[in-house]
file target29.json (JSON, C-alpha atoms)
[["chain", "number", "residue", "atom", "x", "y", "z"],
["Y", 266, "MET", "CA", -4.12, 6.54, 18.61],
["Y", 267, "LYS", "CA", -2.71, 4.23, 15.97],
["Y", 268, "ALA", "CA", -6.02, 4.27, 14.08],
["Y", 269, "VAL", "CA", -5.91, 8.05, 13.88],
["Y", 270, "GLY", "CA", -2.40, 7.87, 12.43],
["Y", 271, "VAL", "CA", -3.52, 5.37, 9.79],
["Y", 272, "LEU", "CA", -6.51, 7.54, 8.86],
["Y", 273, "ILE", "CA", -4.30, 10.62, 8.55],
["Y", 274, "ALA", "CA", -1.79, 8.73, 6.40],
["Y", 275, "ILE", "CA", -4.57, 7.48, 4.09],
["Y", 276, "ALA", "CA", -6.05, 10.98, 3.82],
["Y", 277, "LEU", "CA", -2.65, 12.50, 3.01],
["Y", 278, "ALA", "CA", -1.94, 9.81, 0.42],
["Y", 279, "LEU", "CA", -5.34, 10.34, -1.22],
["Y", 280, "ALA", "CA", -4.87, 14.12, -1.27],
["Y", 281, "LEU", "CA", -1.37, 13.86, -2.67],
["Y", 282, "GLN", "CA", -2.39, 11.21, -5.21],
["Y", 283, "THR", "CA", -5.26, 13.28, -6.58],
["Y", 284, "THR", "CA", -3.13, 16.42, -6.62],
["Y", 285, "LEU", "CA", -0.30, 14.71, -8.50],
["Y", 286, "ALA", "CA", -2.67, 13.14, -11.04],
["Y", 287, "ARG", "CA", -3.75, 16.57, -12.26],
["Y", 288, "PHE", "CA", -0.20, 17.58, -13.13],
["Y", 289, "LEU", "CA", 0.80, 14.44, -15.01],
["Y", 290, "VAL", "CA", 0.13, 13.51, -18.61],
["Y", 291, "GLY", "CA", -3.17, 11.73, -19.12],
["Y", 292, "GLY", "CA", -4.35, 12.42, -15.59],
["Y", 293, "THR", "CA", -2.80, 9.27, -14.15],
["Y", 294, "ALA", "CA", 0.19, 8.92, -11.89],
["Y", 295, "ALA", "CA", 2.80, 6.20, -12.18],
["Y", 296, "LEU", "CA", 2.55, 5.82, -8.41],
["Y", 297, "ASP", "CA", -0.17, 4.53, -6.15],
["Y", 298, "LEU", "CA", 0.58, 6.36, -2.91],
["Y", 299, "VAL", "CA", -2.51, 4.90, -1.28],
["Y", 300, "LEU", "CA", -1.21, 1.39, -1.93],
["Y", 301, "VAL", "CA", 2.15, 2.39, -0.47],
["Y", 302, "VAL", "CA", 0.40, 3.49, 2.73],
["Y", 303, "VAL", "CA", -1.61, 0.25, 2.88],
["Y", 304, "VAL", "CA", 1.51, -1.90, 2.47],
["Y", 305, "TYR", "CA", 3.42, 0.19, 5.03],
["Y", 306, "VAL", "CA", 0.58, -0.17, 7.53],
["Y", 307, "ALA", "CA", 0.36, -3.92, 6.89],
["Y", 308, "LEU", "CA", 4.11, -4.42, 7.31],
["Y", 309, "THR", "CA", 4.23, -2.45, 10.55],
["Y", 310, "SER", "CA", 0.86, -3.35, 12.12],
["Y", 311, "GLY", "CA", -0.15, -6.78, 10.86],
["Y", 312, "PRO", "CA", -2.72, -8.39, 8.57],
["Y", 313, "VAL", "CA", -5.95, -7.22, 10.18],
["Y", 314, "THR", "CA", -4.90, -3.58, 10.30],
["Y", 315, "GLY", "CA", -3.54, -3.86, 6.76],
["Y", 316, "MET", "CA", -6.80, -5.36, 5.53],
["Y", 317, "LEU", "CA", -8.92, -2.69, 7.22],
["Y", 318, "ALA", "CA", -6.67, 0.10, 5.95],
["Y", 319, "GLY", "CA", -6.80, -1.39, 2.45],
["Y", 320, "SER", "CA", -10.59, -1.71, 2.52],
["Y", 321, "LEU", "CA", -11.12, 1.85, 3.70],
["Y", 322, "ALA", "CA", -8.51, 3.40, 1.40],
["Y", 323, "GLY", "CA", -9.62, 1.38, -1.63],
["Y", 324, "ILE", "CA", -13.29, 2.18, -1.22],
["Y", 325, "ILE", "CA", -12.56, 5.89, -0.79],
["Y", 326, "GLN", "CA", -10.36, 5.77, -3.87],
["Y", 327, "ASP", "CA", -13.15, 3.95, -5.78],
["Y", 328, "VAL", "CA", -15.66, 6.63, -4.78],
["Y", 329, "LEU", "CA", -13.31, 9.35, -6.04],
["Y", 330, "SER", "CA", -12.70, 7.58, -9.37],
["Y", 331, "SER", "CA", -15.08, 6.72, -12.17],
["Y", 332, "GLY", "CA", -14.74, 2.96, -11.72],
["Y", 333, "VAL", "CA", -16.85, 0.32, -10.03],
["Y", 334, "ILE", "CA", -17.07, 0.94, -6.29],
["Y", 335, "GLY", "CA", -15.57, -1.97, -4.38],
["Y", 336, "ILE", "CA", -13.05, -3.38, -6.83],
["Y", 337, "GLY", "CA", -10.21, -1.18, -5.58],
["Y", 338, "GLY", "CA", -11.28, -1.78, -2.00],
["Y", 339, "LEU", "CA", -11.20, -5.54, -2.49],
["Y", 340, "ALA", "CA", -7.83, -5.44, -4.25],
["Y", 341, "LYS", "CA", -6.24, -3.21, -1.60],
["Y", 342, "SER", "CA", -7.72, -5.18, 1.31],
["Y", 343, "MET", "CA", -6.35, -8.43, -0.13],
["Y", 344, "VAL", "CA", -2.92, -6.86, -0.59],
["Y", 345, "GLY", "CA", -2.98, -5.38, 2.92],
["Y", 346, "PHE", "CA", -3.91, -8.71, 4.46],
["Y", 347, "MET", "CA", -1.32, -10.70, 2.50],
["Y", 348, "ALA", "CA", 1.47, -8.20, 3.20],
["Y", 349, "GLY", "CA", 0.63, -8.31, 6.91],
["Y", 350, "VAL", "CA", 0.64, -12.12, 7.00],
["Y", 351, "ILE", "CA", 3.97, -12.27, 5.19],
["Y", 352, "ALA", "CA", 5.43, -9.67, 7.55],
["Y", 353, "GLN", "CA", 4.41, -11.81, 10.52],
["Y", 354, "GLN", "CA", 5.85, -15.01, 9.03],
["Y", 355, "PHE", "CA", 9.12, -13.65, 7.66],
["Y", 356, "ILE", "CA", 11.68, -11.05, 8.64],
["Y", 357, "VAL", "CA", 10.79, -7.99, 6.60],
["Y", 358, "THR", "CA", 12.82, -5.39, 8.46],
["Y", 359, "THR", "CA", 15.70, -4.76, 6.07],
["Y", 360, "ALA", "CA", 15.74, -2.88, 2.80],
["Y", 361, "LEU", "CA", 15.69, -5.74, 0.27],
["Y", 362, "PRO", "CA", 12.69, -7.67, 1.71],
["Y", 363, "ARG", "CA", 10.74, -4.42, 2.04],
["Y", 364, "PHE", "CA", 11.57, -3.45, -1.54],
["Y", 365, "VAL", "CA", 10.43, -6.87, -2.76],
["Y", 366, "MET", "CA", 7.22, -6.56, -0.70],
["Y", 367, "PHE", "CA", 6.32, -3.25, -2.35],
["Y", 368, "LEU", "CA", 7.08, -4.71, -5.80],
["Y", 369, "ALA", "CA", 5.03, -7.84, -5.15],
["Y", 370, "ALA", "CA", 2.16, -5.92, -3.54],
["Y", 371, "THR", "CA", 1.87, -3.66, -6.57],
["Y", 372, "ALA", "CA", 1.87, -6.65, -8.93],
["Y", 373, "VAL", "CA", -0.76, -8.51, -6.88],
["Y", 374, "HIS", "CA", -2.91, -5.38, -6.64],
["Y", 375, "ALA", "CA", -2.74, -4.88, -10.41],
["Y", 376, "ALA", "CA", -3.54, -8.55, -11.06],
["Y", 377, "VAL", "CA", -6.59, -8.51, -8.77],
["Y", 378, "PHE", "CA", -7.80, -5.09, -9.91],
["Y", 379, "MET", "CA", -7.42, -5.77, -13.64],
["Y", 380, "GLY", "CA", -8.52, -9.37, -13.28],
["Y", 381, "LEU", "CA", -11.81, -8.36, -11.70],
["Y", 382, "TYR", "CA", -12.52, -5.75, -14.37],
["Y", 383, "VAL", "CA", -11.70, -8.19, -17.18],
["Y", 384, "SER", "CA", -13.63, -11.10, -15.65],
["Y", 385, "LEU", "CA", -16.69, -8.87, -15.22],
["Y", 386, "GLY", "CA", -16.35, -7.74, -18.85],
["Y", 387, "LEU", "CA", -16.13, -4.08, -17.89],
["Y", 388, "ARG", "CA", -12.72, -3.17, -19.30],
["Y", 389, "SER", "CA", -9.76, -4.58, -21.11],
["Y", 390, "PHE", "CA", -6.12, -3.84, -20.44],
["Y", 391, "PRO", "CA", -4.04, -4.48, -23.55],
["Y", 392, "ALA", "CA", -0.37, -5.09, -22.64],
["Y", 393, "PRO", "CA", -0.27, -3.51, -19.17],
["Y", 394, "TRP", "CA", 3.12, -5.00, -18.24],
["Y", 395, "ALA", "CA", 5.25, -1.89, -18.74],
["Y", 396, "ALA", "CA", 2.86, 0.27, -16.74],
["Y", 397, "ILE", "CA", 2.69, -2.30, -13.93],
["Y", 398, "LEU", "CA", 6.47, -2.60, -13.80],
["Y", 399, "SER", "CA", 7.01, 1.15, -13.71],
["Y", 400, "GLN", "CA", 4.36, 1.57, -11.01],
["Y", 401, "ALA", "CA", 5.85, -1.28, -8.98],
["Y", 402, "LEU", "CA", 9.31, 0.26, -9.12],
["Y", 403, "GLY", "CA", 7.96, 3.71, -8.27],
["Y", 404, "ASN", "CA", 5.89, 2.38, -5.36],
["Y", 405, "ALA", "CA", 8.89, 0.42, -4.05],
["Y", 406, "VAL", "CA", 11.15, 3.46, -4.14],
["Y", 407, "VAL", "CA", 8.55, 5.68, -2.45],
["Y", 408, "GLY", "CA", 7.87, 2.96, 0.13],
["Y", 409, "MET", "CA", 11.56, 2.66, 0.95],
["Y", 410, "ILE", "CA", 11.85, 6.43, 1.31],
["Y", 411, "ALA", "CA", 8.80, 6.44, 3.59],
["Y", 412, "PHE", "CA", 10.29, 3.73, 5.81],
["Y", 413, "THR", "CA", 13.58, 5.64, 6.00],
["Y", 414, "ILE", "CA", 11.92, 8.93, 6.91],
["Y", 415, "ILE", "CA", 9.53, 7.46, 9.47],
["Y", 416, "GLU", "CA", 12.17, 5.31, 11.12],
["Y", 417, "SER", "CA", 14.56, 8.24, 11.34],
["Y", 418, "PHE", "CA", 12.31, 9.92, 13.89],
["Y", 419, "PRO", "CA", 13.95, 9.63, 17.32],
["Y", 420, "GLY", "CA", 12.86, 6.51, 19.15],
["Y", 421, "ALA", "CA", 10.56, 5.23, 16.40],
["Y", 422, "VAL", "CA", 12.26, 1.84, 16.10],
["Y", 423, "GLU", "CA", 12.30, 1.35, 19.87],
["Y", 424, "ARG", "CA", 8.62, 2.28, 20.18],
["Y", 425, "ARG", "CA", 7.77, -0.22, 17.43],
["Y", 426, "ARG", "CA", 9.71, -2.97, 19.19],
["Y", 427, "LEU", "CA", 7.95, -2.24, 22.48],
["Y", 428, "SER", "CA", 4.53, -2.26, 20.82],
["Y", 429, "ARG", "CA", 5.26, -5.63, 19.21],
["Y", 430, "ARG", "CA", 6.26, -7.09, 22.58],
["Y", 431, "THR", "CA", 3.05, -5.94, 24.19],
["Y", 432, "ARG", "CA", 0.89, -7.39, 21.38],
["Y", 433, "HIS", "CA", 2.30, -10.91, 21.72]]
call {"tool": "encode", "arguments": {"input": "target29.json", "output": "structure tokens"}}
result
Amino acid sequence: MKAVGVLIAIALALALQTTLARFLVGGTAALDLVLVVVVYVALTSGPVTGMLAGSLAGIIQDVLSSGVIGIGGLAKSMVGFMAGVIAQQFIVTTALPRFVMFLAATAVHAAVFMGLYVSLGLRSFPAPWAAILSQALGNAVVGMIAFTIIESFPGAVERRRLSRRTRH
């Protein structure tokens, strides 16, 4: 059942991301909603689920873009795995740690994604810092809103606690 929820969330993020990109200047959005879903899944479900969600979402996003297939999948799977590991090792249940996780995840994703393109000699990214910072802030805000909305559903926090107890 959880896998179906993750797949639906990825599909909605992809649909919304591609829809938003058409309406913005230059055809690119300052948000990566798919990355937000991957980080959310990793923080709530652990490193393996985060890695699998990142791999699937990144590869689908690569197929829909004009880039090299696999680079986005690798970047998102790495971010999903790392976010899940950090969530298991540290308390990431309050607003500030979650905000920092979304910021850091966006920065790591950008570093891996751009680093792979540059190291393969396929593209260059002159002075990407402002774009990365704005995307990181946007992703963090959207991620915090997503956590607030999802956790406001009746019983959601209690169900999550019970599922964590049964996993350990």
call {"tool": "residues_around", "arguments": {"input": "target29.json", "residues": "stretch 348-361 of chain Y", "least_positions_apart": "6", "cutoff": "7 Å", "atoms": "only C-alpha atoms", "output": "list in words"}}
result
Val304, Ala307, Leu308, Gly311, Pro312 and Gly315 of chain Y
call {"tool": "closest_residue", "arguments": {"input": "target29.json", "among": "Y:Ala370, Y:Leu279, Y:Phe390, Y:Phe378", "to": "Y:Gly335", "atoms": "only C-alpha atoms"}}
result
Y:Phe378
call {"tool": "closest_residue", "arguments": {"input": "target29.json", "among": "Y:Val344, Y:Val328, Y:Val407, Y:Leu296", "to": "Y:Val373", "atoms": "all atoms listed in the file"}}
result
Y:Val344
call {"tool": "atom_distance", "arguments": {"input": "target29.json", "atom1": "atom CA of Y:Arg363", "atom2": "atom CA of Y:Ala392"}}
result
27.1 Å
call {"tool": "closest_residue", "arguments": {"input": "target29.json", "among": "Y:Gly323, Y:Gly337, Y:Gly332, Y:Pro393", "to": "Y:Val377", "atoms": "all atoms listed in the file"}}
result
Y:Gly337
call {"tool": "atom_distance", "arguments": {"input": "target29.json", "atom1": "atom CA of Y:His374", "atom2": "atom CA of Y:Lys341"}}
result
6.4 Å
call {"tool": "residues_around", "arguments": {"input": "target29.json", "residues": "Y:Leu272", "least_positions_apart": "2", "cutoff": "12 Å", "atoms": "only C-alpha atoms", "output": "list of chain:residue names"}}
result
Y:Met266, Y:Lys267, Y:Ala268, Y:Val269, Y:Gly270, Y:Ala274, Y:Ile275, Y:Ala276, Y:Leu277, Y:Ala278, Y:Leu279, Y:Val299, Y:Val302, Y:Val303, Y:Val306, Y:Thr314, Y:Gly315, Y:Leu317, Y:Ala318, Y:Gly319, Y:Ser320, Y:Leu321, Y:Ala322, Y:Ile325
call {"tool": "closest_residue", "arguments": {"input": "target29.json", "among": "Y:Val365, Y:Met316, Y:Ile410, Y:Leu329", "to": "Y:Ser342", "atoms": "only C-alpha atoms"}}
result
Y:Met316
call {"tool": "closest_residue", "arguments": {"input": "target29.json", "among": "Y:Met347, Y:Asp297, Y:Ile273, Y:Ala340", "to": "Y:Val406", "atoms": "only C-alpha atoms"}}
result
Y:Asp297
call {"tool": "atom_distance", "arguments": {"input": "target29.json", "atom1": "atom CA of Y:Pro391", "atom2": "atom CA of Y:Ile324"}}
result
25.1 Å
call {"tool": "axis_aligned_box", "arguments": {"input": "target29.json", "around": "stretch 356-363 of chain Y", "padding_each_side": "5 Å", "output": "JSON"}}
result
{"center_x": 13.2, "center_y": -7.0, "center_z": 4.5, "size_x": 15.0, "size_y": 18.2, "size_z": 18.4}
